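Coordinates from final08.cif are shown below (mmCIF, C-alpha atoms and all ligand atoms).
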data_entry
loop_
_atom_site.label_atom_id
_atom_site.label_comp_id
_atom_site.auth_asym_id
_atom_site.auth_seq_id
_atom_site.Cartn_x
_atom_site.Cartn_y
_atom_site.Cartn_z
CA MET T 711 25.66 -32.17 -22.99
CA GLU T 712 23.96 -35.57 -23.21
CA GLU T 713 26.45 -36.46 -25.90
CA ASN T 714 29.31 -35.60 -23.60
CA LYS T 715 27.97 -37.60 -20.74
CA LYS T 716 28.46 -40.80 -22.67
CA GLU T 717 32.19 -40.23 -22.91
CA ILE T 718 32.82 -40.60 -19.20
CA ILE T 719 31.86 -43.68 -17.31
CA LEU T 720 32.70 -43.88 -13.65
CA ASP T 721 32.92 -47.50 -12.73
CA PRO T 722 33.86 -48.27 -9.14
CA TRP T 723 34.69 -51.87 -10.00
CA GLY T 724 36.32 -51.31 -13.36
CA TYR T 725 39.69 -50.11 -14.43
CA SER T 726 38.54 -47.12 -16.44
CA SER T 727 40.95 -44.24 -16.51
CA ILE T 728 39.56 -40.75 -16.42
CA GLU T 729 41.01 -38.67 -19.17
CA ASP T 730 39.47 -35.33 -18.54
CA TYR T 731 38.86 -34.56 -14.91
CA ASP T 732 37.39 -31.14 -15.66
CA LYS T 733 34.38 -32.82 -17.22
CA LEU T 734 33.48 -34.22 -13.84
CA PHE T 735 32.65 -30.69 -12.72
CA THR T 736 30.15 -30.01 -15.46
CA LEU T 737 28.74 -33.51 -15.82
CA PHE T 738 28.47 -34.71 -12.26
CA GLY T 739 28.42 -31.54 -10.17
CA ILE T 740 31.71 -32.18 -8.41
CA ARG T 741 33.13 -28.81 -7.29
CA PRO T 742 36.75 -27.70 -7.77
CA PHE T 743 38.93 -28.27 -4.69
CA LYS T 744 40.49 -24.83 -5.31
CA GLU T 745 37.33 -23.39 -3.74
CA VAL T 746 38.08 -24.83 -0.32
CA ILE T 747 41.87 -24.88 -0.15
CA HIS T 748 41.93 -21.57 1.77
CA TYR T 749 40.45 -23.36 4.79
CA PHE T 750 43.87 -24.93 5.30
CA GLU T 751 46.79 -23.00 6.70
CA ASN T 752 49.30 -25.47 5.30
CA PRO T 753 47.62 -27.35 2.47
CA SER T 754 49.27 -30.68 1.63
CA ILE T 755 51.28 -31.03 -1.57
CA LEU T 756 48.52 -33.19 -3.03
CA MET T 757 46.08 -30.33 -2.50
CA LYS T 758 48.40 -27.60 -3.76
CA ARG T 759 49.33 -29.56 -6.86
CA GLY T 760 45.77 -30.28 -7.91
CA ILE T 761 45.97 -34.02 -7.30
CA VAL T 762 43.12 -33.64 -4.87
CA PHE T 763 41.02 -31.83 -7.45
CA GLY T 764 37.38 -31.94 -6.44
CA HIS T 765 34.84 -32.12 -3.64
CA ARG T 766 31.19 -32.23 -2.68
CA ASP T 767 30.11 -30.09 0.30
CA PHE T 768 33.57 -30.15 1.86
CA ASP T 769 33.18 -26.41 2.61
CA VAL T 770 30.17 -27.22 4.82
CA VAL T 771 32.21 -29.74 6.79
CA LEU T 772 35.26 -27.51 7.12
CA ARG T 773 33.16 -24.66 8.42
CA ALA T 774 31.49 -26.96 10.95
CA PHE T 775 34.91 -28.26 12.04
CA LYS T 776 36.08 -24.70 12.64
CA GLU T 777 33.02 -24.15 14.81
CA GLY T 778 33.98 -27.14 16.93
CA LYS T 779 31.43 -29.64 15.56
CA LYS T 780 32.30 -33.36 15.66
CA VAL T 781 33.73 -34.36 12.30
CA THR T 782 35.24 -37.64 11.14
CA LEU T 783 37.01 -38.66 7.99
CA LEU T 784 35.84 -42.02 6.73
CA THR T 785 37.35 -43.95 3.89
CA GLY T 786 37.93 -47.57 2.97
CA PHE T 787 40.29 -49.94 1.22
CA MET T 788 39.48 -53.09 -0.61
CA PRO T 789 42.32 -55.46 0.22
CA SER T 790 42.87 -57.14 -3.11
CA GLY T 791 46.61 -56.91 -3.69
CA LYS T 792 49.91 -55.40 -2.69
CA LEU T 793 50.20 -51.70 -1.99
CA HIS T 794 51.78 -49.41 -4.57
CA PHE T 795 52.58 -45.72 -4.83
CA GLY T 796 49.07 -44.98 -6.12
CA HIS T 797 47.63 -46.18 -2.80
CA LYS T 798 50.18 -44.13 -0.92
CA ALA T 799 48.55 -40.92 -2.18
CA LEU T 800 45.36 -41.76 -0.24
CA PHE T 801 47.29 -42.73 2.89
CA ASP T 802 49.17 -39.44 2.69
CA GLN T 803 45.87 -37.57 2.70
CA ILE T 804 44.53 -39.51 5.67
CA ILE T 805 47.69 -38.87 7.67
CA TYR T 806 47.59 -35.20 6.75
CA TYR T 807 44.00 -34.87 8.01
CA GLN T 808 44.86 -36.75 11.20
CA LYS T 809 47.62 -34.20 11.83
CA GLN T 810 45.10 -31.39 11.35
CA GLY T 811 43.10 -32.84 14.23
CA PHE T 812 40.37 -34.74 12.38
CA HIS T 813 39.14 -38.05 13.73
CA ILE T 814 39.80 -40.93 11.32
CA ASN T 815 37.57 -43.94 10.56
CA LEU T 816 38.97 -46.56 8.20
CA ALA T 817 37.00 -49.45 6.73
CA LEU T 818 38.81 -52.61 5.68
CA ALA T 819 36.48 -53.64 2.88
CA ASP T 820 36.68 -57.40 3.26
CA ILE T 821 33.01 -57.91 2.38
CA GLU T 822 33.55 -56.01 -0.85
CA ALA T 823 36.71 -57.96 -1.70
CA TYR T 824 34.86 -61.22 -1.20
CA SER T 825 31.78 -60.12 -3.12
CA VAL T 826 33.31 -58.47 -6.14
CA ARG T 827 36.92 -59.61 -6.46
CA LYS T 828 36.51 -63.16 -5.21
CA VAL T 829 39.58 -62.97 -3.01
CA GLU T 830 39.77 -65.76 -0.49
CA ARG T 831 38.76 -64.65 3.04
CA LYS T 832 42.02 -65.62 4.74
CA GLU T 833 44.07 -63.85 2.13
CA THR T 834 41.89 -60.74 2.36
CA ILE T 835 42.34 -60.57 6.12
CA ARG T 836 46.09 -61.06 5.83
CA LEU T 837 46.42 -58.40 3.12
CA ALA T 838 44.30 -55.97 5.12
CA ILE T 839 46.54 -56.28 8.17
CA GLU T 840 49.99 -56.78 6.69
CA GLU T 841 49.68 -54.64 3.60
CA TYR T 842 47.11 -51.93 4.27
CA VAL T 843 47.23 -51.31 8.00
CA ALA T 844 50.97 -51.95 8.40
CA ASN T 845 51.84 -49.66 5.49
CA ALA T 846 49.57 -46.93 6.82
CA ILE T 847 51.36 -47.09 10.18
CA ALA T 848 54.75 -47.09 8.49
CA LEU T 849 53.73 -43.99 6.53
CA GLY T 850 52.83 -42.18 9.73
CA LEU T 851 49.27 -43.04 10.78
CA GLU T 852 48.93 -42.70 14.54
CA LYS T 853 46.75 -44.55 17.00
CA LYS T 854 45.17 -41.48 18.50
CA ASN T 855 41.87 -40.30 17.07
CA LEU T 856 41.64 -43.42 14.97
CA ARG T 857 39.32 -46.37 14.45
CA ILE T 858 40.04 -49.16 11.96
CA TYR T 859 37.43 -51.86 11.48
CA PHE T 860 36.68 -54.78 9.20
CA GLN T 861 33.35 -54.52 7.37
CA SER T 862 32.55 -58.05 8.53
CA ALA T 863 33.45 -57.53 12.20
CA THR T 864 31.84 -54.55 13.81
CA LYS T 865 28.79 -53.84 15.96
CA PRO T 866 25.24 -54.96 15.03
CA ALA T 867 23.87 -51.47 14.38
CA TYR T 868 26.09 -51.27 11.30
CA TYR T 869 24.38 -54.34 9.78
CA ARG T 870 20.98 -52.98 10.80
CA LEU T 871 21.71 -49.98 8.56
CA ILE T 872 22.37 -52.25 5.60
CA GLN T 873 18.96 -53.87 6.08
CA MET T 874 17.20 -50.54 6.51
CA PHE T 875 18.85 -48.97 3.47
CA SER T 876 17.80 -51.85 1.25
CA GLN T 877 14.16 -51.02 2.01
CA LYS T 878 14.32 -47.48 0.66
CA VAL T 879 15.92 -48.02 -2.72
CA THR T 880 14.51 -49.47 -5.92
CA MET T 881 16.28 -51.72 -8.37
CA ALA T 882 15.70 -49.13 -11.10
CA GLU T 883 17.55 -46.48 -9.11
CA MET T 884 20.49 -48.78 -8.56
CA THR T 885 20.67 -49.79 -12.19
CA ALA T 886 20.60 -46.13 -13.22
CA ILE T 887 23.73 -45.49 -11.15
CA TYR T 888 25.66 -48.73 -11.51
CA GLY T 889 24.51 -50.35 -14.74
CA ASP T 890 24.68 -54.12 -14.57
CA LEU T 891 24.55 -55.41 -11.04
CA THR T 892 25.20 -58.75 -9.44
CA PRO T 893 24.02 -59.81 -5.97
CA GLY T 894 27.60 -59.41 -4.77
CA LYS T 895 27.79 -55.84 -6.04
CA ILE T 896 24.47 -54.99 -4.42
CA VAL T 897 25.74 -56.24 -1.07
CA SER T 898 28.93 -54.23 -1.35
CA VAL T 899 27.07 -51.06 -2.38
CA PHE T 900 24.86 -51.16 0.74
CA THR T 901 27.83 -52.08 2.87
CA GLN T 902 29.77 -49.08 1.62
CA ALA T 903 26.78 -46.81 2.33
CA ALA T 904 26.77 -48.18 5.90
CA ASP T 905 30.51 -47.48 6.13
CA ILE T 906 29.98 -43.86 5.23
CA LEU T 907 26.90 -43.16 7.34
CA HIS T 908 27.31 -45.23 10.51
CA PRO T 909 29.70 -42.83 12.28
CA MET T 910 26.72 -40.49 12.65
CA LEU T 911 24.98 -43.02 14.93
CA GLU T 912 25.42 -42.42 18.63
CA GLU T 913 27.07 -45.77 19.28
CA PHE T 914 29.74 -45.12 16.69
CA GLY T 915 30.65 -41.72 18.03
CA GLY T 916 27.66 -39.62 16.96
CA TYR T 917 29.64 -37.51 14.50
CA ASP T 918 27.84 -34.46 13.16
CA TYR T 919 29.63 -34.67 9.83
CA VAL T 920 31.48 -37.28 7.77
CA PHE T 921 33.77 -36.60 4.84
CA VAL T 922 35.11 -39.20 2.46
CA PRO T 923 38.35 -38.82 0.49
CA VAL T 924 38.25 -41.17 -2.52
CA GLY T 925 39.43 -41.66 -6.07
CA ALA T 926 37.02 -40.24 -8.63
CA ASP T 927 35.86 -43.74 -9.63
CA GLN T 928 34.09 -43.98 -6.26
CA ASP T 929 31.75 -41.07 -6.95
CA PRO T 930 28.78 -43.31 -7.84
CA HIS T 931 28.94 -44.67 -4.28
CA ILE T 932 29.07 -41.14 -2.91
CA ARG T 933 26.03 -40.02 -4.90
CA PHE T 934 24.11 -43.13 -3.89
CA THR T 935 25.00 -42.69 -0.22
CA ARG T 936 24.07 -39.00 -0.21
CA ASP T 937 20.63 -39.96 -1.52
CA ILE T 938 20.19 -42.59 1.16
CA SER T 939 21.31 -40.12 3.78
CA ASP T 940 18.53 -37.73 2.71
CA ARG T 941 15.96 -40.51 3.00
CA PHE T 942 17.01 -41.24 6.58
CA SER T 943 17.59 -37.68 7.72
CA SER T 944 14.59 -37.53 10.03
CA GLU T 945 14.54 -41.17 11.12
CA LEU T 946 18.24 -41.46 11.95
CA GLY T 947 19.38 -37.84 11.97
CA PHE T 948 21.83 -38.27 9.09
CA ARG T 949 23.45 -35.37 7.29
CA ARG T 950 24.71 -35.69 3.73
CA PRO T 951 28.30 -36.88 3.75
CA ALA T 952 30.90 -34.73 2.00
CA SER T 953 33.66 -36.05 -0.24
CA THR T 954 36.93 -35.15 -1.88
CA TYR T 955 38.35 -36.62 -5.08
CA HIS T 956 41.90 -37.31 -6.16
CA ARG T 957 43.43 -38.13 -9.50
CA PHE T 958 44.93 -41.52 -10.09
CA MET T 959 48.58 -41.92 -10.83
CA THR T 960 49.38 -42.98 -14.35
CA GLY T 961 51.09 -46.33 -14.59
CA LEU T 962 54.79 -46.55 -15.37
CA ASP T 963 53.77 -47.97 -18.75
CA GLY T 964 51.31 -45.18 -19.52
CA GLY T 965 48.18 -47.21 -18.65
CA LYS T 966 46.42 -47.20 -15.31
CA MET T 967 48.53 -47.96 -12.28
CA SER T 968 47.15 -51.21 -10.99
CA SER T 969 48.28 -54.09 -8.82
CA SER T 970 46.96 -56.50 -11.41
CA ARG T 971 49.70 -55.35 -13.81
CA PRO T 972 52.88 -55.42 -11.70
CA GLU T 973 54.96 -53.64 -14.35
CA SER T 974 52.65 -50.60 -14.15
CA ALA T 975 53.39 -49.83 -10.51
CA ILE T 976 56.11 -49.66 -7.93
CA PHE T 977 55.00 -51.56 -4.88
CA LEU T 978 56.02 -50.31 -1.47
CA SER T 979 57.55 -53.75 -0.94
CA ASP T 980 59.51 -53.95 -4.22
CA PRO T 981 63.18 -54.83 -3.70
CA PRO T 982 65.77 -52.32 -5.01
CA GLU T 983 66.74 -54.22 -8.16
CA ILE T 984 63.09 -54.37 -9.26
CA VAL T 985 62.63 -50.67 -8.56
CA VAL T 986 65.67 -49.84 -10.70
CA LYS T 987 64.39 -52.00 -13.52
CA LYS T 988 60.86 -50.62 -13.42
CA LEU T 989 61.96 -46.98 -13.32
CA ASN T 990 64.49 -47.50 -16.08
CA ASN T 991 61.74 -48.97 -18.25
CA ALA T 992 59.19 -46.31 -17.36
CA LEU T 993 57.53 -44.29 -20.07
CA THR T 994 58.75 -40.69 -20.05
CA GLY T 995 57.85 -37.50 -21.85
CA GLY T 996 61.10 -37.72 -23.78
CA ARG T 997 61.41 -37.32 -27.54
CA ALA T 998 62.49 -39.91 -30.09
CA THR T 999 66.11 -38.71 -30.24
CA ILE T 1000 68.43 -36.71 -28.02
CA GLU T 1001 68.79 -34.11 -30.73
CA GLU T 1002 65.00 -33.64 -30.83
CA GLN T 1003 64.76 -33.53 -27.08
CA LYS T 1004 67.37 -30.78 -26.86
CA ARG T 1005 65.60 -28.82 -29.57
CA LEU T 1006 61.95 -29.30 -28.53
CA GLY T 1007 62.27 -30.01 -24.82
CA GLY T 1008 60.65 -32.89 -22.95
CA GLU T 1009 57.01 -33.24 -21.91
CA PRO T 1010 56.95 -33.61 -18.13
CA LEU T 1011 53.17 -33.72 -18.00
CA LYS T 1012 53.25 -36.94 -19.99
CA CYS T 1013 56.00 -38.49 -17.90
CA ALA T 1014 55.66 -41.25 -15.30
CA ILE T 1015 58.90 -40.14 -13.65
CA TYR T 1016 57.67 -36.57 -13.27
CA GLU T 1017 54.50 -37.94 -11.70
CA MET T 1018 56.56 -39.74 -9.08
CA TYR T 1019 58.13 -36.39 -8.18
CA LEU T 1020 54.80 -34.60 -8.26
CA TYR T 1021 52.99 -37.04 -5.97
CA HIS T 1022 55.72 -38.39 -3.78
CA LEU T 1023 59.37 -37.64 -4.21
CA MET T 1024 59.67 -33.87 -4.35
CA PRO T 1025 57.83 -32.11 -1.54
CA ASN T 1026 59.67 -28.86 -2.21
CA ASP T 1027 57.82 -26.82 -4.85
CA LYS T 1028 60.93 -24.96 -6.01
CA ASP T 1029 62.82 -28.20 -6.70
CA LEU T 1030 59.85 -29.52 -8.60
CA LEU T 1031 59.55 -26.40 -10.72
CA ASP T 1032 63.26 -26.53 -11.44
CA ILE T 1033 63.00 -30.09 -12.78
CA PHE T 1034 59.94 -29.17 -14.80
CA MET T 1035 61.64 -26.20 -16.44
CA ARG T 1036 64.92 -27.98 -17.15
CA CYS T 1037 63.00 -30.80 -18.79
CA ARG T 1038 60.84 -28.41 -20.84
CA ARG T 1039 63.93 -26.53 -22.03
CA GLY T 1040 65.61 -29.74 -23.14
CA GLU T 1041 68.42 -29.35 -20.60
CA LEU T 1042 67.54 -32.35 -18.47
CA LEU T 1043 67.58 -35.60 -20.40
CA CYS T 1044 65.66 -38.70 -19.37
CA GLY T 1045 68.69 -40.78 -18.42
CA GLU T 1046 69.92 -38.29 -15.86
CA ASP T 1047 66.41 -37.67 -14.63
CA LYS T 1048 65.74 -41.38 -14.11
CA LYS T 1049 68.93 -41.66 -12.10
CA LEU T 1050 67.67 -39.01 -9.73
CA ALA T 1051 64.23 -40.63 -9.45
CA ILE T 1052 65.80 -44.01 -8.75
CA GLU T 1053 68.00 -42.55 -6.05
CA LYS T 1054 65.05 -40.84 -4.36
CA THR T 1055 62.73 -43.85 -4.62
CA LEU T 1056 65.33 -46.25 -3.23
CA LYS T 1057 66.06 -43.94 -0.34
CA PHE T 1058 62.38 -43.61 0.47
CA LEU T 1059 61.72 -47.35 0.23
CA ASP T 1060 64.77 -48.27 2.26
CA ASP T 1061 63.53 -46.16 5.11
CA HIS T 1062 59.96 -47.35 4.61
CA ARG T 1063 60.95 -51.03 4.67
CA LYS T 1064 62.43 -50.66 8.14
CA LYS T 1065 59.33 -48.93 9.46
CA LEU T 1066 57.10 -51.51 7.78
CA GLU T 1067 58.80 -54.42 9.53
CA GLN T 1068 58.10 -52.83 12.90
CA ALA T 1069 54.59 -51.83 11.89
CA LYS T 1070 53.70 -55.42 10.95
CA ASP T 1071 54.23 -56.48 14.56
CA VAL T 1072 51.77 -53.96 15.92
CA ALA T 1073 49.25 -53.68 13.07
CA GLU T 1074 46.65 -55.96 14.68
CA SER T 1075 46.50 -53.79 17.76
CA TYR T 1076 45.22 -50.90 15.63
CA ILE T 1077 42.16 -52.84 14.50
CA GLU T 1078 38.84 -53.01 16.36
CA GLU T 1079 38.30 -56.73 15.81
CA ILE T 1080 39.75 -59.33 13.45
CA PRO T 1081 37.18 -61.62 11.81
CA LYS T 1082 37.69 -65.29 12.61
CA PHE T 1083 36.98 -66.52 9.10
N1 LIG U 1 35.06 -49.36 -2.58
C1 LIG U 1 36.30 -48.85 -2.10
C2 LIG U 1 37.44 -49.36 -3.01
O1 LIG U 1 37.20 -50.08 -3.94
C3 LIG U 1 36.59 -49.25 -0.70
C4 LIG U 1 35.59 -48.73 0.32
C5 LIG U 1 34.81 -49.50 1.12
C6 LIG U 1 35.30 -47.38 0.65
N2 LIG U 1 34.07 -48.73 1.93
C7 LIG U 1 34.33 -47.44 1.71
C8 LIG U 1 35.75 -46.15 0.20
C9 LIG U 1 33.83 -46.29 2.25
C10 LIG U 1 35.22 -44.99 0.76
C11 LIG U 1 34.26 -45.07 1.79
O2 LIG U 1 38.57 -49.04 -2.82
#
Same coordinates, now as structure tokens:
Amino acid sequence: MEENKKEIILDPWGYSSIEDYDKLFTLFGIRPFKEVIHYFENPSILMKRGIVFGHRDFDVVLRAFKEGKKVTLLTGFMPSGKLHFGHKALFDQIIYYQKQGFHINLALADIEAYSVRKVERKETIRLAIEEYVANAIALGLEKKNLRIYFQSATKPAYYRLIQMFSQKVTMAEMTAIYGDLTPGKIVSVFTQAADILHPMLEEFGGYDYVFVPVGADQDPHIRFTRDISDRFSSELGFRRPASTYHRFMTGLDGGKMSSSRPESAIFLSDPPEIVVKKLNNALTGGRATIEEQKRLGGEPLKCAIYEMYLYHLMPNDKDLLDIFMRCRRGELLCGEDKKLAIEKTLKFLDDHRKKLEQAKDVAESYIEEIPKF
């Protein structure tokens, strides 16, 4: 067991890819999402397809929601680059939960971007508004039941939490969770804990429960925040936040999808000719020769194109299964398959681009307050 533990490192600031998600259940106590999917009448495709794969205490929150308790989703984005299809998977979840009637709280993590990625303040603020908020609106986020705030521009009680939290944690505890720390990382850790817990304060809505959908790399923050929550349960009336975890998309080149390697991702703002080029170059689950592919069949589970269908382009389960089977049987070859993916991606992006232009004009009006510098 101890041996195993060394193989997986969750690093919220790194670029580690997580090879074996099942290990997260045994090593870190994350529970399978399958357990809670029955709470939803119409689970989203990301839930049904196992992309949202894990949770902590989400059953508690869903039960409370059914009983009419006040529940909010809270999650955050560090504005450090352009938005790609990997980010879209989180937006899709947020929009799904909003449609189910959950209140939504979104943190624009400008303090974190400044502290750990060294992005210039002005650029962070611009990216947050024009990339993150505008894209979220274009994808379907609505103004009702929604609060979007910058970490650096909200009410004083939020900052008071950061100060209070820092009093109840030791350096040894932090090092045990995060390894090497810098002052900037410490600031962003406490800030993220304040993000997650502040909606339970009266002046931020007094929510009974908070749940946090995140990528699995964020679990250290979740564990840390749940501990802090326990320590302030009597003083501030906090309840442990719940969380859900989703898988990351694989990059088009087989590595991690990341804005720092433009060839690994399709950005929501990529022009058509770039999309065509990137998809044509994408790594597939195809074999070395056509003869081999016809004989052995392709490997959709190793294919970046199939992942685009799975996450984004093929909401209909029957269509998806059909592609999967035809690929496995060697009937569908990569060239034809890429053509279809290109067609679907271009259609989606064409429509999205129009919505995005309109969304940019109104994005600021969705945000609580814009920091001046
Ligand atoms: N750290 C997150 C990221 O790197 C962003 C974030 C900030 C966040 N505050 C949060 C995520 C609160 C979940 C909850 O993307």
Report as JSON lines the residues of chain T within 7 Å of ligand LIG 1 (chain U), each with its shortest atom pair and distance in Å (one decimal), using all atoms listed in the file, ordered by chain and increasing residue number.
{"residue": "T:Pro722", "atom": "CA", "partner": "U:LIG1", "partner_atom": "O1", "distance": 6.4}
{"residue": "T:Trp723", "atom": "CA", "partner": "U:LIG1", "partner_atom": "O1", "distance": 6.8}
{"residue": "T:Leu784", "atom": "CA", "partner": "U:LIG1", "partner_atom": "C11", "distance": 6.0}
{"residue": "T:Thr785", "atom": "CA", "partner": "U:LIG1", "partner_atom": "C11", "distance": 3.9}
{"residue": "T:Gly786", "atom": "CA", "partner": "U:LIG1", "partner_atom": "C6", "distance": 3.5}
{"residue": "T:Phe787", "atom": "CA", "partner": "U:LIG1", "partner_atom": "C3", "distance": 4.2}
{"residue": "T:Met788", "atom": "CA", "partner": "U:LIG1", "partner_atom": "O2", "distance": 4.7}
{"residue": "T:Ala817", "atom": "CA", "partner": "U:LIG1", "partner_atom": "N2", "distance": 5.7}
{"residue": "T:Leu818", "atom": "CA", "partner": "U:LIG1", "partner_atom": "C5", "distance": 6.8}
{"residue": "T:Ala819", "atom": "CA", "partner": "U:LIG1", "partner_atom": "C5", "distance": 4.8}
{"residue": "T:Glu822", "atom": "CA", "partner": "U:LIG1", "partner_atom": "C5", "distance": 6.9}
{"residue": "T:Gln902", "atom": "CA", "partner": "U:LIG1", "partner_atom": "N2", "distance": 4.3}
{"residue": "T:Asp905", "atom": "CA", "partner": "U:LIG1", "partner_atom": "C9", "distance": 5.2}
{"residue": "T:Ile906", "atom": "CA", "partner": "U:LIG1", "partner_atom": "C9", "distance": 5.4}
{"residue": "T:Val922", "atom": "CA", "partner": "U:LIG1", "partner_atom": "C11", "distance": 6.0}
{"residue": "T:Pro923", "atom": "CA", "partner": "U:LIG1", "partner_atom": "C10", "distance": 6.9}
{"residue": "T:Val924", "atom": "CA", "partner": "U:LIG1", "partner_atom": "C10", "distance": 5.9}
{"residue": "T:Gln928", "atom": "CA", "partner": "U:LIG1", "partner_atom": "N1", "distance": 6.6}
* Asked: Of the candidates T:His748, T:Lys1064, T:Lys1012, T:Lys780, which shows the shortest atom-to-atom distance to T:Val920, using all atoms listed in the file?
  -> T:Lys780
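Atom CA of T:Thr999 sits 22.6 Å away from atom CA of T:Asp1032.
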* Find, counting all atoms listed in the file, the residue in T:Thr736, T:Arg950, T:Gln877, T:Lys776 that gets nearest to T:Thr935. => T:Arg950
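Considering the residues T:Ile835, T:His956, T:Lys987, T:Leu911 and counting only C-alpha atoms, T:Phe743 has its shortest atom-to-atom contact with T:His956.
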* Closest to T:Leu800 among T:Ala926, T:Leu891, T:Ile896, T:Leu907, using all atoms listed in the file? -> T:Ala926
* Asked: What is the atom CA of T:Asp820-atom CA of T:Arg857 distance in Å, reported with one decimal?
  -> 15.9 Å
T:Phe735 surroundings by all atoms listed in the file, 12 Å radius, close-in-sequence under 4 positions cut, as a PDB file with C-alpha atoms, keeping the file's coordinate frame:
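Once written, result15.pdb looks like this:
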ATOM      1  CA  LYS T 715      27.970 -37.600 -20.740  1.00  0.00           C
ATOM      2  CA  ILE T 718      32.820 -40.600 -19.200  1.00  0.00           C
ATOM      3  CA  ASP T 730      39.470 -35.330 -18.540  1.00  0.00           C
ATOM      4  CA  TYR T 731      38.860 -34.560 -14.910  1.00  0.00           C
ATOM      5  CA  GLY T 739      28.420 -31.540 -10.170  1.00  0.00           C
ATOM      6  CA  ILE T 740      31.710 -32.180  -8.410  1.00  0.00           C
ATOM      7  CA  ARG T 741      33.130 -28.810  -7.290  1.00  0.00           C
ATOM      8  CA  PRO T 742      36.750 -27.700  -7.770  1.00  0.00           C
ATOM      9  CA  PHE T 743      38.930 -28.270  -4.690  1.00  0.00           C
ATOM     10  CA  PHE T 763      41.020 -31.830  -7.450  1.00  0.00           C
ATOM     11  CA  GLY T 764      37.380 -31.940  -6.440  1.00  0.00           C
ATOM     12  CA  HIS T 765      34.840 -32.120  -3.640  1.00  0.00           C
ATOM     13  CA  ARG T 766      31.190 -32.230  -2.680  1.00  0.00           C
ATOM     14  CA  ALA T 926      37.020 -40.240  -8.630  1.00  0.00           C
ATOM     15  CA  ASP T 929      31.750 -41.070  -6.950  1.00  0.00           C
ATOM     16  CA  TYR T 955      38.350 -36.620  -5.080  1.00  0.00           C
TER      17      TYR T 955
END
* **Residues within 10 Å of stretch 962-975 of chain T, only C-alpha atoms, excluding chain neighbours under 2 positions, as a PyMOL selection string** => chain T and resi 725-728+790-797+958-960+977-978+980+984-985+987-994+1012-1015+1017-1018
* **Non-local contacts of stretch 1037-1041 of chain T (6 Å; all atoms listed in the file; under 6 positions in same chain excluded) as a count of residues only** => 4
* What gap, in Å, lies between atom CA of T:Leu849 and atom CA of T:Glu833? -> 22.5 Å
* Structure fact -> Min atom-atom distance to T:Met1024 from the set T:Ile839, T:Cys1044, T:Leu1050, T:Ala904, counting all atoms listed in the file, belongs to T:Leu1050
